[in-house]
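Raw entry.cif, mmCIF, C-alpha atoms:
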```cif
data_data
#
loop_
_atom_site.group_PDB
_atom_site.id
_atom_site.type_symbol
_atom_site.label_atom_id
_atom_site.label_comp_id
_atom_site.auth_asym_id
_atom_site.auth_seq_id
_atom_site.Cartn_x
_atom_site.Cartn_y
_atom_site.Cartn_z
ATOM 1 C CA MET A 6 154.771 171.376 150.429
ATOM 2 C CA ALA A 7 156.685 170.575 153.583
ATOM 3 C CA THR A 8 159.643 168.298 154.204
ATOM 4 C CA LEU A 9 159.425 166.336 157.439
ATOM 5 C CA HIS A 10 161.778 164.007 159.310
ATOM 6 C CA ALA A 11 159.558 160.914 158.992
ATOM 7 C CA SER A 12 159.041 157.701 157.028
ATOM 8 C CA ALA A 13 156.081 156.305 155.080
ATOM 9 C CA VAL A 14 154.878 152.892 153.932
ATOM 10 C CA LEU A 15 151.950 152.215 151.634
ATOM 11 C CA VAL A 16 149.847 149.549 153.371
ATOM 12 C CA GLY A 17 146.934 148.518 151.211
ATOM 13 C CA PRO A 18 145.458 151.617 149.550
ATOM 14 C CA ARG A 19 146.769 154.215 152.070
ATOM 15 C CA ALA A 20 150.129 155.163 153.509
ATOM 16 C CA VAL A 21 151.193 155.040 157.130
ATOM 17 C CA LEU A 22 153.184 158.164 158.007
ATOM 18 C CA ILE A 23 155.694 157.310 160.746
ATOM 19 C CA ARG A 24 156.993 160.154 162.904
ATOM 20 C CA GLY A 25 159.300 160.134 165.895
ATOM 21 C CA PRO A 26 162.609 161.340 167.244
ATOM 22 C CA SER A 27 165.891 160.124 165.817
ATOM 23 C CA GLY A 28 166.556 156.546 166.933
ATOM 24 C CA SER A 29 162.901 155.863 167.815
ATOM 25 C CA GLY A 30 162.595 153.022 165.304
ATOM 26 C CA LYS A 31 161.029 154.600 162.217
ATOM 27 C CA SER A 32 163.179 152.591 159.781
ATOM 28 C CA ALA A 33 162.714 149.411 161.832
ATOM 29 C CA LEU A 34 158.937 149.882 161.660
ATOM 30 C CA VAL A 35 159.156 150.443 157.895
ATOM 31 C CA LEU A 36 161.022 147.149 157.502
ATOM 32 C CA GLY A 37 158.640 145.429 159.932
ATOM 33 C CA LEU A 38 155.582 146.490 157.925
ATOM 34 C CA LEU A 39 157.211 145.341 154.686
ATOM 35 C CA GLY A 40 158.055 142.004 156.320
ATOM 36 C CA ALA A 41 154.506 141.671 157.670
ATOM 37 C CA ALA A 42 153.170 141.952 154.126
ATOM 38 C CA ASP A 43 155.713 139.425 152.867
ATOM 39 C CA SER A 44 154.543 136.951 155.528
ATOM 40 C CA GLY A 45 150.825 137.544 154.875
ATOM 41 C CA LEU A 46 150.008 139.524 158.055
ATOM 42 C CA LEU A 47 149.165 142.531 155.868
ATOM 43 C CA PRO A 48 147.665 142.400 152.374
ATOM 44 C CA PHE A 49 150.266 144.684 150.754
ATOM 45 C CA ALA A 50 153.057 147.029 151.788
ATOM 46 C CA ARG A 51 155.596 149.036 149.845
ATOM 47 C CA LEU A 52 158.139 151.656 150.845
ATOM 48 C CA VAL A 53 157.249 155.260 150.073
ATOM 49 C CA ALA A 54 160.076 157.033 151.926
ATOM 50 C CA ASP A 55 162.484 156.559 154.807
ATOM 51 C CA ASP A 56 163.984 159.279 157.001
ATOM 52 C CA ARG A 57 162.501 162.272 155.157
ATOM 53 C CA VAL A 58 159.184 162.791 153.410
ATOM 54 C CA ILE A 59 157.548 165.519 151.398
ATOM 55 C CA LEU A 60 153.940 166.219 152.414
ATOM 56 C CA SER A 61 151.367 168.207 150.473
ATOM 57 C CA ALA A 62 147.613 168.604 150.884
ATOM 58 C CA HIS A 63 145.396 168.400 147.800
ATOM 59 C CA HIS A 64 141.583 168.367 147.784
ATOM 60 C CA GLY A 65 141.339 167.257 151.420
ATOM 61 C CA ARG A 66 143.924 164.484 151.110
ATOM 62 C CA LEU A 67 147.479 164.458 152.413
ATOM 63 C CA LEU A 68 150.003 163.166 149.872
ATOM 64 C CA VAL A 69 153.421 161.805 150.801
ATOM 65 C CA GLN A 70 156.480 161.173 148.642
ATOM 66 C CA ALA A 71 160.220 160.732 149.037
ATOM 67 C CA PRO A 72 162.708 163.450 148.217
ATOM 68 C CA GLU A 73 164.315 162.432 144.928
ATOM 69 C CA ALA A 74 167.790 161.914 146.440
ATOM 70 C CA ILE A 75 166.595 159.164 148.821
ATOM 71 C CA ALA A 76 163.750 157.563 146.837
ATOM 72 C CA GLY A 77 163.812 153.785 147.277
ATOM 73 C CA LEU A 78 166.405 153.851 150.069
ATOM 74 C CA VAL A 79 165.890 152.590 153.625
ATOM 75 C CA GLU A 80 168.356 152.184 156.475
ATOM 76 C CA ARG A 81 168.713 148.823 158.183
ATOM 77 C CA ARG A 82 170.532 149.648 161.389
ATOM 78 C CA GLY A 83 173.787 147.714 161.578
ATOM 79 C CA HIS A 84 173.608 146.699 157.898
ATOM 80 C CA GLY A 85 173.595 149.967 155.996
ATOM 81 C CA ILE A 86 171.380 151.369 153.273
ATOM 82 C CA LEU A 87 169.116 149.070 151.253
ATOM 83 C CA ARG A 88 167.539 149.861 147.892
ATOM 84 C CA LEU A 89 163.936 148.628 147.692
ATOM 85 C CA PRO A 90 161.009 148.965 145.292
ATOM 86 C CA HIS A 91 159.000 152.040 146.247
ATOM 87 C CA GLU A 92 155.843 153.956 145.479
ATOM 88 C CA PRO A 93 156.522 157.424 144.071
ATOM 89 C CA MET A 94 153.546 158.948 145.938
ATOM 90 C CA ALA A 95 150.703 157.831 148.209
ATOM 91 C CA ILE A 96 147.727 159.195 150.131
ATOM 92 C CA VAL A 97 148.300 159.188 153.893
ATOM 93 C CA GLY A 98 145.674 157.203 155.778
ATOM 94 C CA ARG A 99 147.192 157.010 159.279
ATOM 95 C CA VAL A 100 149.878 158.719 161.338
ATOM 96 C CA VAL A 101 152.016 156.734 163.776
ATOM 97 C CA ASP A 102 153.941 158.655 166.421
ATOM 98 C CA LEU A 103 156.804 156.673 167.936
ATOM 99 C CA GLY A 104 158.122 157.647 171.352
ATOM 100 C CA ALA A 105 154.932 159.636 171.878
ATOM 101 C CA ALA A 106 154.717 161.327 175.276
ATOM 102 C CA ASP A 107 150.914 161.058 175.171
ATOM 103 C CA ALA A 108 150.866 157.316 174.448
ATOM 104 C CA ALA A 109 148.689 155.541 176.994
ATOM 105 C CA ARG A 110 147.539 152.024 177.680
ATOM 106 C CA LEU A 111 143.960 153.268 177.323
ATOM 107 C CA PRO A 112 144.343 156.331 175.098
ATOM 108 C CA GLU A 113 142.068 159.344 175.253
ATOM 109 C CA GLU A 114 139.835 159.708 172.217
ATOM 110 C CA ALA A 115 141.422 163.082 171.356
ATOM 111 C CA SER A 116 144.856 161.470 170.947
ATOM 112 C CA GLY A 117 143.440 159.241 168.203
ATOM 113 C CA GLN A 118 143.431 162.022 165.605
ATOM 114 C CA VAL A 119 145.864 164.567 164.263
ATOM 115 C CA VAL A 120 145.471 167.437 161.807
ATOM 116 C CA LEU A 121 148.273 167.816 159.264
ATOM 117 C CA ASP A 122 148.108 170.576 156.692
ATOM 118 C CA GLY A 123 144.371 170.870 157.324
ATOM 119 C CA VAL A 124 143.700 167.135 156.850
ATOM 120 C CA VAL A 125 142.278 165.138 159.795
ATOM 121 C CA LEU A 126 143.894 161.695 160.079
ATOM 122 C CA PRO A 127 143.699 158.767 162.498
ATOM 123 C CA ARG A 128 146.712 158.672 164.832
ATOM 124 C CA THR A 129 148.362 155.789 166.650
ATOM 125 C CA CYS A 130 150.686 156.639 169.546
ATOM 126 C CA VAL A 131 153.431 154.236 170.602
ATOM 127 C CA ALA A 132 155.334 154.870 173.824
ATOM 128 C CA ALA A 133 159.123 154.700 173.908
ATOM 129 C CA GLY A 134 160.290 151.149 174.573
ATOM 130 C CA VAL A 135 157.065 149.531 173.350
ATOM 131 C CA PRO A 136 157.369 147.298 170.251
ATOM 132 C CA ALA A 137 155.635 149.328 167.551
ATOM 133 C CA LEU A 138 154.863 146.666 164.948
ATOM 134 C CA PRO A 139 152.117 144.788 166.867
ATOM 135 C CA VAL A 140 150.476 148.069 167.914
ATOM 136 C CA VAL A 141 150.467 149.390 164.344
ATOM 137 C CA ILE A 142 149.217 146.139 162.798
ATOM 138 C CA ALA A 143 146.369 146.078 165.336
ATOM 139 C CA ALA A 144 145.491 149.692 164.490
ATOM 140 C CA LEU A 145 145.526 148.935 160.760
ATOM 141 C CA ARG A 146 143.205 145.963 161.271
ATOM 142 C CA ASP A 147 140.756 147.982 163.412
ATOM 143 C CA PRO A 148 137.776 148.827 161.151
ATOM 144 C CA ARG A 149 137.113 152.169 162.926
#
```

Represent the structure from my file as structure tokens, please.
Amino acid sequence: MATLHASAVLVGPRAVLIRGPSGSGKSALVLGLLGAADSGLLPFARLVADDRVILSAHHGRLLVQAPEAIAGLVERRGHGILRLPHEPMAIVGRVVDLGAADAARLPEEASGQVVLDGVVLPRTCVAAGVPALPVVIAALRDPR
């Protein structure tokens, strides 16, 4: 098991693991994905963890959960900490890297995957200053 500075949202049957430097918009993307589900842009979304996650690989799947002390908590910048319904654990289906140095308008195929704890996962890179929510929703809707 590893603890990582990241956030995670269950979107449909799989979680989106959101990584990035401090201030890159991880919590804002969490809230954006939850709002997208509330408005019907996504079929379902629920918080798994914000700010820190625990990752563990089991049988070729990467599992994500919140550390107990912050389970169900998410920061809304300028408003404070919110308590929301959350999933205790989820299988990661996609990694999103915010503020990614290798983000490109036409990304190389190699940047579209990442290996975490031996598990190969699809990866979406978002450059600093680019609104992440539309990029991530498009990636989630892509059937590839």

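Residue selection for this entry, given the PyMOL selection byres ((chain A and resi 105) around 9), comprises Gly25, Asp102, Leu103, Gly104, Ala106, Asp107, Ala108, Cys130, Val131, Ala132 and Ala133 of chain A.
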
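For the structure shown here, the set of residues caught by the PyMOL selection byres ((chain A and resi 49) around 9) is Leu15, Val16, Gly17, Pro18, Leu39, Ala41, Ala42, Asp43, Gly45, Leu46, Leu47, Pro48, Ala50 and Arg51 of chain A.
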
- Given the choices A:Ala143, A:Val120, A:Ile59, A:Ala13, which gets closest to Ala33 of chain A if the distance is worked out from all atoms listed in the file? A:Ala13

- Task: Kindly give the distance, in Å, that separates atom CA of Ile23 of chain A and atom CA of Ala11 of chain A, rounded to a single decimal.
- Result: 5.6 Å

- Task: Please indicate the distance in Å from atom CA of Ser27 of chain A to atom CA of His10 of chain A, rounded to one decimal place.
- Result: 8.6 Å

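Selecting by distance to (146.5, 159.7, 155.4) with a limit of 8 Å and using all atoms listed in the file, one obtains A:Arg19, A:Ala20, A:Val21, A:Leu22, A:Arg66, A:Leu67, A:Leu68, A:Ile96, A:Val97, A:Gly98, A:Arg99, A:Val100, A:Leu126, A:Pro127.
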
Please produce a file of those selected residues containing C-alpha atoms, as a short mmCIF file (atom, residue, chain, number, x, y, z; two decimals), keeping the file's coordinate frame.
```cif
data_model
loop_
_atom_site.label_atom_id
_atom_site.label_comp_id
_atom_site.auth_asym_id
_atom_site.auth_seq_id
_atom_site.Cartn_x
_atom_site.Cartn_y
_atom_site.Cartn_z
CA ARG A 19 146.77 154.22 152.07
CA ALA A 20 150.13 155.16 153.51
CA VAL A 21 151.19 155.04 157.13
CA LEU A 22 153.18 158.16 158.01
CA ARG A 66 143.92 164.48 151.11
CA LEU A 67 147.48 164.46 152.41
CA LEU A 68 150.00 163.17 149.87
CA ILE A 96 147.73 159.20 150.13
CA VAL A 97 148.30 159.19 153.89
CA GLY A 98 145.67 157.20 155.78
CA ARG A 99 147.19 157.01 159.28
CA VAL A 100 149.88 158.72 161.34
CA LEU A 126 143.89 161.70 160.08
CA PRO A 127 143.70 158.77 162.50
#
```

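Atom CA of Val79 of chain A sits 14.2 Å away from atom CA of Pro93 of chain A.
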
- Looking at A:Asp55, A:Leu89, A:Gly37, A:Met94, which one is nearest to Ile75 of chain A, with distances taken over only C-alpha atoms? A:Asp55

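Across A:Leu87, A:Val53, A:Ala95, A:Ala144, the tightest approach to Ala71 of chain A is made by A:Val53 when counting all atoms listed in the file.
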
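Considering all atoms listed in the file, the residue among A:Ser61, A:Ser44, A:Ser32, A:Gln70 positioned nearest to Val124 of chain A is A:Ser61.
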